[in-house]
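Participant: I'd like to ask you about the structure that follows.
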Amino acid sequence: MLRDKKIVIILPAYNASKTLEKTYNEIPHHIVDAIVLTDDFSDDNTVEVAKQLGIEHIIEHNINLGYGANQKSCYSKAIELGADIIIMLHPDYQYNPKLIPSMADLIANDVYEVVLGSRILGKNALSGGMPMYKYISNRGLTFIQNLLMNQKLSEYHTGYRAFNAKVLKSIPFNENSNDFIFDNQLLAQCCYKGIVIGEISCPAKYEKDSSSINFKRSSIYGLGVLRVSISYFIQKLKIYNFKLFKPSL
């Protein structure tokens, strides 16, 4: 608990057996009420490691459904557990778990409803190991997105995110993509609802065991990001109503 708010950490995992323990050990367990790990049909022993660590809530997909589907399972379970604050932390040790209290505190004190851990703030993305092509594409896409969506975020592509659970309950996220574009769809939906998004600087950690998508997948993702942002812009102009921005039931 933090200020009487139930905090649930979600770990969307895929082949994370080599980094899961290191990530788990740095989570500030004194303020965390529950941890949910969803395994998207890993080829390694991620689930066995999770059980050894004592993670109570483990969801196993019987087939590989995709990064977005992994998040859907995690968020749905966290809401089911009665979470007030839900924080997504990748179990590949790319993001610093020690920032959880800071992110949670901003939400618990009603400063923001959504908080992102940005790898761009602080100018340490490249020194932390982010590949140059990813850095350039991140900056370019973020610039275009800010223009089209009238925002001022430093990046939209971080996987380190904290939510007031009420936000996720108000968005039909289960209807979003099962692939990587899920992240951007969810942020676009938050922006469309007028939710102010906060950011804190998060040192990037790109190690040999950290997960990463290849150039081809990155290119497909980039095109998807542009499509989401253009849809947002058209929706705001009231030219066309997209399913992505329909109100939650």
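Each chain of the structure tokens is named A, B, ... in the order shown, its residues numbered from 1; ligands are numbered from 1 in display order.
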Give me the residues near range 177-193 of chain A as a ChimeraX atom specification, where near means some atom within 8 Å (using only C-alpha atoms) and where sequence neighbours in that chain fewer than 2 positions away do not count.

Facilitator: /A:65-70,149,156-157,159,167,171,173,175,195-197,221,224-225,228-229,232,244-245

Participant: Produce a file of the selected residues containing N, CA and C atoms, as a PDB file, in the first residue's frame.

Facilitator:
ATOM      1  N   LEU A  65       0.520 -15.203 -28.235  1.00  0.00           N
ATOM      2  CA  LEU A  65      -0.553 -14.311 -28.679  1.00  0.00           C
ATOM      3  C   LEU A  65      -0.063 -12.930 -29.075  1.00  0.00           C
ATOM      4  N   GLY A  66       1.108 -12.526 -28.581  1.00  0.00           N
ATOM      5  CA  GLY A  66       1.632 -11.209 -28.913  1.00  0.00           C
ATOM      6  C   GLY A  66       1.762 -10.317 -27.693  1.00  0.00           C
ATOM      7  N   TYR A  67       2.591  -9.292 -27.856  1.00  0.00           N
ATOM      8  CA  TYR A  67       2.905  -8.375 -26.754  1.00  0.00           C
ATOM      9  C   TYR A  67       1.668  -7.657 -26.228  1.00  0.00           C
ATOM     10  N   GLY A  68       0.799  -7.229 -27.140  1.00  0.00           N
ATOM     11  CA  GLY A  68      -0.418  -6.557 -26.720  1.00  0.00           C
ATOM     12  C   GLY A  68      -1.344  -7.483 -25.943  1.00  0.00           C
ATOM     13  N   ALA A  69      -1.484  -8.709 -26.427  1.00  0.00           N
ATOM     14  CA  ALA A  69      -2.321  -9.698 -25.741  1.00  0.00           C
ATOM     15  C   ALA A  69      -1.773 -10.005 -24.359  1.00  0.00           C
ATOM     16  N   ASN A  70      -0.457 -10.013 -24.235  1.00  0.00           N
ATOM     17  CA  ASN A  70       0.176 -10.252 -22.945  1.00  0.00           C
ATOM     18  C   ASN A  70      -0.225  -9.168 -21.953  1.00  0.00           C
ATOM     19  N   MET A 149      -1.027  14.905 -32.246  1.00  0.00           N
ATOM     20  CA  MET A 149      -1.885  14.668 -31.077  1.00  0.00           C
ATOM     21  C   MET A 149      -1.852  15.813 -30.073  1.00  0.00           C
ATOM     22  N   TYR A 156       6.803   8.147 -26.632  1.00  0.00           N
ATOM     23  CA  TYR A 156       5.575   7.359 -26.543  1.00  0.00           C
ATOM     24  C   TYR A 156       5.872   5.865 -26.492  1.00  0.00           C
ATOM     25  N   HIS A 157       7.125   5.487 -26.546  1.00  0.00           N
ATOM     26  CA  HIS A 157       7.480   4.102 -26.846  1.00  0.00           C
ATOM     27  C   HIS A 157       8.090   3.340 -25.673  1.00  0.00           C
ATOM     28  N   GLY A 159       8.138   1.095 -22.322  1.00  0.00           N
ATOM     29  CA  GLY A 159       7.308   0.016 -21.793  1.00  0.00           C
ATOM     30  C   GLY A 159       7.139   0.106 -20.285  1.00  0.00           C
ATOM     31  N   VAL A 167      -8.380   4.667 -14.975  1.00  0.00           N
ATOM     32  CA  VAL A 167      -8.136   4.988 -16.380  1.00  0.00           C
ATOM     33  C   VAL A 167      -8.320   3.744 -17.245  1.00  0.00           C
ATOM     34  N   ILE A 171     -11.253   2.537 -20.487  1.00  0.00           N
ATOM     35  CA  ILE A 171     -10.801   2.377 -21.865  1.00  0.00           C
ATOM     36  C   ILE A 171     -10.995   0.927 -22.313  1.00  0.00           C
ATOM     37  N   PHE A 173      -9.500  -1.425 -23.675  1.00  0.00           N
ATOM     38  CA  PHE A 173      -8.178  -1.856 -24.153  1.00  0.00           C
ATOM     39  C   PHE A 173      -8.170  -3.281 -24.695  1.00  0.00           C
ATOM     40  N   GLU A 175      -9.989  -4.454 -26.824  1.00  0.00           N
ATOM     41  CA  GLU A 175     -10.314  -4.434 -28.246  1.00  0.00           C
ATOM     42  C   GLU A 175      -9.144  -3.918 -29.086  1.00  0.00           C
ATOM     43  N   ILE A 195      -6.659  12.858 -20.583  1.00  0.00           N
ATOM     44  CA  ILE A 195      -5.865  12.492 -19.413  1.00  0.00           C
ATOM     45  C   ILE A 195      -4.467  13.083 -19.554  1.00  0.00           C
ATOM     46  N   VAL A 196      -4.034  13.833 -18.537  1.00  0.00           N
ATOM     47  CA  VAL A 196      -2.706  14.437 -18.548  1.00  0.00           C
ATOM     48  C   VAL A 196      -1.682  13.381 -18.131  1.00  0.00           C
ATOM     49  N   ILE A 197      -0.668  13.186 -18.960  1.00  0.00           N
ATOM     50  CA  ILE A 197       0.330  12.140 -18.739  1.00  0.00           C
ATOM     51  C   ILE A 197       1.627  12.753 -18.220  1.00  0.00           C
ATOM     52  N   TYR A 221       6.055  -1.521 -36.816  1.00  0.00           N
ATOM     53  CA  TYR A 221       5.559  -0.800 -35.639  1.00  0.00           C
ATOM     54  C   TYR A 221       5.486   0.705 -35.920  1.00  0.00           C
ATOM     55  N   GLY A 224       2.583   1.595 -37.952  1.00  0.00           N
ATOM     56  CA  GLY A 224       1.382   1.494 -37.132  1.00  0.00           C
ATOM     57  C   GLY A 224       1.208   2.707 -36.233  1.00  0.00           C
ATOM     58  N   VAL A 225       2.316   3.199 -35.683  1.00  0.00           N
ATOM     59  CA  VAL A 225       2.291   4.394 -34.837  1.00  0.00           C
ATOM     60  C   VAL A 225       1.770   5.597 -35.629  1.00  0.00           C
ATOM     61  N   VAL A 228      -1.982   5.316 -36.104  1.00  0.00           N
ATOM     62  CA  VAL A 228      -2.726   5.655 -34.887  1.00  0.00           C
ATOM     63  C   VAL A 228      -2.781   7.172 -34.695  1.00  0.00           C
ATOM     64  N   SER A 229      -1.651   7.836 -34.894  1.00  0.00           N
ATOM     65  CA  SER A 229      -1.580   9.286 -34.684  1.00  0.00           C
ATOM     66  C   SER A 229      -2.422  10.043 -35.709  1.00  0.00           C
ATOM     67  N   TYR A 232      -6.005   9.665 -34.799  1.00  0.00           N
ATOM     68  CA  TYR A 232      -6.304  10.568 -33.676  1.00  0.00           C
ATOM     69  C   TYR A 232      -6.577  11.977 -34.205  1.00  0.00           C
ATOM     70  N   LEU A 244     -11.222   2.876 -32.458  1.00  0.00           N
ATOM     71  CA  LEU A 244     -10.215   2.980 -31.407  1.00  0.00           C
ATOM     72  C   LEU A 244     -10.608   3.961 -30.320  1.00  0.00           C
ATOM     73  N   PHE A 245     -11.374   4.990 -30.691  1.00  0.00           N
ATOM     74  CA  PHE A 245     -11.687   6.056 -29.749  1.00  0.00           C
ATOM     75  C   PHE A 245     -13.145   6.048 -29.276  1.00  0.00           C
TER      76      PHE A 245
END

Participant: Which residue, A:Ser17, A:Leu53, A:Lys152, A:Arg119, has the smallest gap to Asn96 in chain A when you use only C-alpha atoms?

Facilitator: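 Among the listed residues, A:Arg119 lies closest to Asn96 in chain A.
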
Participant: State, in Å with one decimal place, the distance from CA of Ile200 in chain A to CA of Thr142 in chain A.

Facilitator: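 CA of Thr142 in chain A lies 16.2 Å from CA of Ile200 in chain A.
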
Participant: Please compute the CA of Asn15 in chain A-CA of Asp43 in chain A distance, one decimal, in Å.

Facilitator: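 Pair CA of Asn15 in chain A / CA of Asp43 in chain A returns 6.1 Å.
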
Participant: So how far away is CA of Ile7 in chain A from CA of Asp105 in chain A, in Å?

Facilitator: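 Atom-to-atom, CA of Asp105 in chain A to CA of Ile7 in chain A, that is 10.4 Å.
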
Participant: Would you give me, as JSON, numbers by chain, the residues in range 76-142 of chain A that DSSP reads as strand (DSSP E)?

Facilitator: {"A": [85, 86, 87, 88, 114, 115, 116, 117, 118]}

Participant: Next, the residues of the selection above should be written as a short mmCIF file (atom, residue, chain, number, x, y, z; two decimals), in the first residue's frame with all heavy atoms.

Facilitator:
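So the final result, stored in part.cif, reads:
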data_model
loop_
_atom_site.label_atom_id
_atom_site.label_comp_id
_atom_site.auth_asym_id
_atom_site.auth_seq_id
_atom_site.Cartn_x
_atom_site.Cartn_y
_atom_site.Cartn_z
N ILE A 85 -3.55 1.21 -8.33
CA ILE A 85 -2.46 1.67 -9.19
C ILE A 85 -1.84 0.44 -9.84
O ILE A 85 -1.50 -0.53 -9.17
CB ILE A 85 -1.39 2.43 -8.38
CG1 ILE A 85 -2.00 3.69 -7.75
CG2 ILE A 85 -0.20 2.80 -9.28
CD1 ILE A 85 -1.05 4.41 -6.79
N ILE A 86 -1.71 0.49 -11.17
CA ILE A 86 -1.15 -0.64 -11.92
C ILE A 86 0.11 -0.15 -12.64
O ILE A 86 0.06 0.85 -13.37
CB ILE A 86 -2.16 -1.19 -12.94
CG1 ILE A 86 -3.45 -1.63 -12.24
CG2 ILE A 86 -1.55 -2.34 -13.73
CD1 ILE A 86 -4.58 -1.99 -13.18
N ILE A 87 1.21 -0.83 -12.42
CA ILE A 87 2.47 -0.43 -13.03
C ILE A 87 3.02 -1.57 -13.86
O ILE A 87 3.23 -2.68 -13.37
CB ILE A 87 3.51 -0.03 -11.96
CG1 ILE A 87 2.97 1.14 -11.11
CG2 ILE A 87 4.84 0.37 -12.61
CD1 ILE A 87 3.88 1.57 -9.99
N MET A 88 3.24 -1.28 -15.15
CA MET A 88 3.84 -2.28 -16.03
C MET A 88 5.36 -2.13 -16.02
O MET A 88 5.89 -1.05 -16.29
CB MET A 88 3.33 -2.13 -17.47
CG MET A 88 4.01 -3.13 -18.42
SD MET A 88 3.31 -3.19 -20.08
CE MET A 88 3.90 -1.64 -20.76
N VAL A 114 -1.62 8.98 -15.26
CA VAL A 114 -0.72 8.09 -16.00
C VAL A 114 0.69 8.67 -15.90
O VAL A 114 0.88 9.88 -16.06
CB VAL A 114 -1.13 7.97 -17.49
CG1 VAL A 114 -0.15 7.07 -18.24
CG2 VAL A 114 -2.55 7.43 -17.62
N VAL A 115 1.66 7.80 -15.63
CA VAL A 115 3.05 8.24 -15.55
C VAL A 115 3.91 7.30 -16.38
O VAL A 115 3.80 6.08 -16.27
CB VAL A 115 3.57 8.26 -14.09
CG1 VAL A 115 5.04 8.66 -14.05
CG2 VAL A 115 2.74 9.21 -13.23
N LEU A 116 4.77 7.87 -17.22
CA LEU A 116 5.67 7.09 -18.06
C LEU A 116 7.10 7.22 -17.57
O LEU A 116 7.53 8.30 -17.16
CB LEU A 116 5.60 7.58 -19.51
CG LEU A 116 4.22 7.64 -20.18
CD1 LEU A 116 4.37 8.16 -21.61
CD2 LEU A 116 3.55 6.28 -20.17
N GLY A 117 7.85 6.13 -17.64
CA GLY A 117 9.27 6.17 -17.37
C GLY A 117 9.99 6.39 -18.68
O GLY A 117 10.08 5.48 -19.52
N SER A 118 10.47 7.61 -18.91
CA SER A 118 11.05 7.98 -20.20
C SER A 118 12.54 7.74 -20.25
O SER A 118 13.30 8.19 -19.39
CB SER A 118 10.77 9.47 -20.48
OG SER A 118 11.50 9.89 -21.61
#

Participant: Considering only C-alpha atoms, can you say which of A:His29, A:His61, A:Lys169, A:His90 comes closest to Pro247 in chain A?

Facilitator: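 Ranked by minimum distance to Pro247 in chain A, first place goes to A:Lys169.
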
Participant: Show which residues sit within 12 Å of Ser219 in chain A, as a list in words. Count only C-alpha atoms, and ignore same-chain residues fewer than 4 positions away.

Facilitator: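 With the cut-off at 12 Å, the set is Tyr133, Lys134, Ser137, Asn138, Leu141, Phe180, Ile181, Ile213, Asn214, Phe215, Leu223, Gly224, Val225 and Leu226 of chain A.
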
Participant: Write out as a list in words which residues come within 8 Å of Asp33 in chain A when counting only C-alpha atoms, dropping same-chain ones fewer than 5 positions away.

Facilitator: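 Residues meeting the cut-off are Met1, Lys6, Ile7 and Val8 of chain A.
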
Participant: Write the residues you've just listed into a file as a CSV table (one decimal), in the first residue's frame, and include N, CA, C and O atoms for each of them.

Facilitator:
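In the end it all went to again.csv:
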chain,number,residue,atom,x,y,z
A,1,MET,N,0.8,-1.2,0.0
A,1,MET,CA,0.0,0.0,0.0
A,1,MET,C,0.9,1.3,0.0
A,1,MET,O,1.9,1.3,0.6
A,6,LYS,N,-3.9,0.3,-3.3
A,6,LYS,CA,-3.3,-1.0,-3.6
A,6,LYS,C,-2.5,-1.0,-4.9
A,6,LYS,O,-3.1,-0.6,-6.0
A,7,ILE,N,-1.3,-1.4,-4.8
A,7,ILE,CA,-0.4,-1.3,-6.0
A,7,ILE,C,-0.1,-2.7,-6.5
A,7,ILE,O,0.3,-3.6,-5.8
A,8,VAL,N,-0.4,-2.9,-7.8
A,8,VAL,CA,-0.1,-4.2,-8.5
A,8,VAL,C,0.9,-3.9,-9.6
A,8,VAL,O,0.7,-3.1,-10.5

Participant: Determine which residues of range 3-246 of chain A DSSP labels as helix (DSSP H, G or I) from the backbone of this structure, then write them out as a count of residues only.

Facilitator: 102

Participant: Here is a test: counting only C-alpha atoms, which residue of A:Ile107, A:Cys202, A:Ile100, A:Ile234 is nearest to Ile31 in chain A?

Facilitator: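 Selected residue with least distance to Ile31 in chain A: A:Ile100.
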
Participant: Neighbouring residues of range 45-52 of chain A were defined as those with any atom within 12 Å, considering only C-alpha atoms; residues of the same chain fewer than 5 positions away were excluded. Please report them as a ChimeraX atom specification.

Facilitator: /A:11-25,35-40,57-61,91-92

Participant: What does the file look like for those residues with N, CA, C and O atoms, as a compact mmCIF listing (two decimals), in the first residue's frame?

Facilitator:
# COMPACT_ATOMS: atom_id res chain seq x y z
N LEU A 11 4.02 -7.91 -15.03
CA LEU A 11 5.23 -8.29 -15.75
C LEU A 11 4.84 -9.08 -17.00
O LEU A 11 4.62 -10.29 -16.94
N PRO A 12 4.72 -8.42 -18.16
CA PRO A 12 4.43 -9.15 -19.40
C PRO A 12 5.70 -9.83 -19.89
O PRO A 12 6.64 -9.17 -20.34
N ALA A 13 5.76 -11.15 -19.79
CA ALA A 13 7.02 -11.86 -20.01
C ALA A 13 7.01 -12.71 -21.28
O ALA A 13 6.00 -13.31 -21.64
N TYR A 14 8.17 -12.73 -21.91
CA TYR A 14 8.43 -13.65 -23.02
C TYR A 14 9.92 -13.93 -23.05
O TYR A 14 10.73 -13.03 -23.27
N ASN A 15 10.28 -15.17 -22.77
CA ASN A 15 11.70 -15.57 -22.71
C ASN A 15 12.50 -14.67 -21.79
O ASN A 15 13.54 -14.11 -22.17
N ALA A 16 12.02 -14.53 -20.56
CA ALA A 16 12.65 -13.62 -19.60
C ALA A 16 13.35 -14.35 -18.46
O ALA A 16 13.64 -13.75 -17.42
N SER A 17 13.64 -15.62 -18.64
CA SER A 17 14.19 -16.41 -17.53
C SER A 17 15.54 -15.89 -17.03
O SER A 17 15.85 -15.99 -15.85
N LYS A 18 16.35 -15.29 -17.92
CA LYS A 18 17.69 -14.85 -17.53
C LYS A 18 17.68 -13.52 -16.78
O LYS A 18 18.65 -13.19 -16.09
N THR A 19 16.61 -12.76 -16.92
CA THR A 19 16.57 -11.42 -16.31
C THR A 19 15.47 -11.25 -15.27
O THR A 19 15.45 -10.25 -14.56
N LEU A 20 14.56 -12.21 -15.19
CA LEU A 20 13.40 -12.08 -14.31
C LEU A 20 13.81 -11.93 -12.85
O LEU A 20 13.31 -11.06 -12.13
N GLU A 21 14.71 -12.78 -12.38
CA GLU A 21 15.10 -12.73 -10.96
C GLU A 21 15.74 -11.39 -10.61
O GLU A 21 15.44 -10.81 -9.56
N LYS A 22 16.60 -10.89 -11.47
CA LYS A 22 17.27 -9.61 -11.22
C LYS A 22 16.24 -8.48 -11.16
O LYS A 22 16.31 -7.60 -10.30
N THR A 23 15.27 -8.52 -12.07
CA THR A 23 14.21 -7.51 -12.09
C THR A 23 13.37 -7.62 -10.82
O THR A 23 13.09 -6.61 -10.14
N TYR A 24 12.97 -8.83 -10.49
CA TYR A 24 12.11 -9.08 -9.33
C TYR A 24 12.77 -8.62 -8.04
O TYR A 24 12.12 -7.99 -7.18
N ASN A 25 14.04 -8.88 -7.89
CA ASN A 25 14.74 -8.55 -6.64
C ASN A 25 14.86 -7.05 -6.40
O ASN A 25 15.03 -6.62 -5.26
N ILE A 35 1.94 -9.02 -7.47
CA ILE A 35 2.68 -9.05 -8.74
C ILE A 35 2.01 -10.06 -9.66
O ILE A 35 1.72 -11.18 -9.25
N VAL A 36 1.77 -9.64 -10.88
CA VAL A 36 1.15 -10.51 -11.89
C VAL A 36 2.15 -10.71 -13.03
O VAL A 36 2.64 -9.74 -13.60
N LEU A 37 2.44 -11.94 -13.35
CA LEU A 37 3.29 -12.25 -14.50
C LEU A 37 2.49 -13.05 -15.52
O LEU A 37 1.85 -14.04 -15.17
N THR A 38 2.50 -12.58 -16.74
CA THR A 38 1.87 -13.31 -17.84
C THR A 38 2.96 -13.80 -18.77
O THR A 38 3.77 -13.01 -19.26
N ASP A 39 3.01 -15.10 -19.01
CA ASP A 39 4.00 -15.68 -19.91
C ASP A 39 3.36 -15.98 -21.25
O ASP A 39 2.40 -16.75 -21.33
N ASP A 40 3.90 -15.37 -22.30
CA ASP A 40 3.31 -15.50 -23.63
C ASP A 40 3.94 -16.67 -24.40
O ASP A 40 4.51 -16.49 -25.47
N HIS A 57 0.67 -14.70 -8.77
CA HIS A 57 -0.28 -14.65 -9.87
C HIS A 57 0.46 -14.83 -11.20
O HIS A 57 1.09 -13.90 -11.70
N ILE A 58 0.39 -16.03 -11.74
CA ILE A 58 1.07 -16.36 -12.99
C ILE A 58 0.03 -16.83 -14.00
O ILE A 58 -0.75 -17.75 -13.74
N ILE A 59 0.01 -16.18 -15.15
CA ILE A 59 -0.91 -16.54 -16.23
C ILE A 59 -0.08 -17.08 -17.39
O ILE A 59 0.87 -16.42 -17.84
N GLU A 60 -0.41 -18.27 -17.86
CA GLU A 60 0.33 -18.88 -18.96
C GLU A 60 -0.54 -18.94 -20.22
O GLU A 60 -1.63 -19.51 -20.19
N HIS A 61 -0.06 -18.34 -21.29
CA HIS A 61 -0.74 -18.46 -22.58
C HIS A 61 -0.34 -19.79 -23.22
O HIS A 61 0.83 -20.16 -23.21
N PRO A 91 10.07 -7.49 -17.56
CA PRO A 91 10.97 -8.34 -16.77
C PRO A 91 12.31 -8.61 -17.44
O PRO A 91 13.04 -9.51 -17.02
N ASP A 92 12.65 -7.83 -18.46
CA ASP A 92 13.93 -8.03 -19.15
C ASP A 92 15.03 -7.12 -18.61
O ASP A 92 16.11 -7.03 -19.18
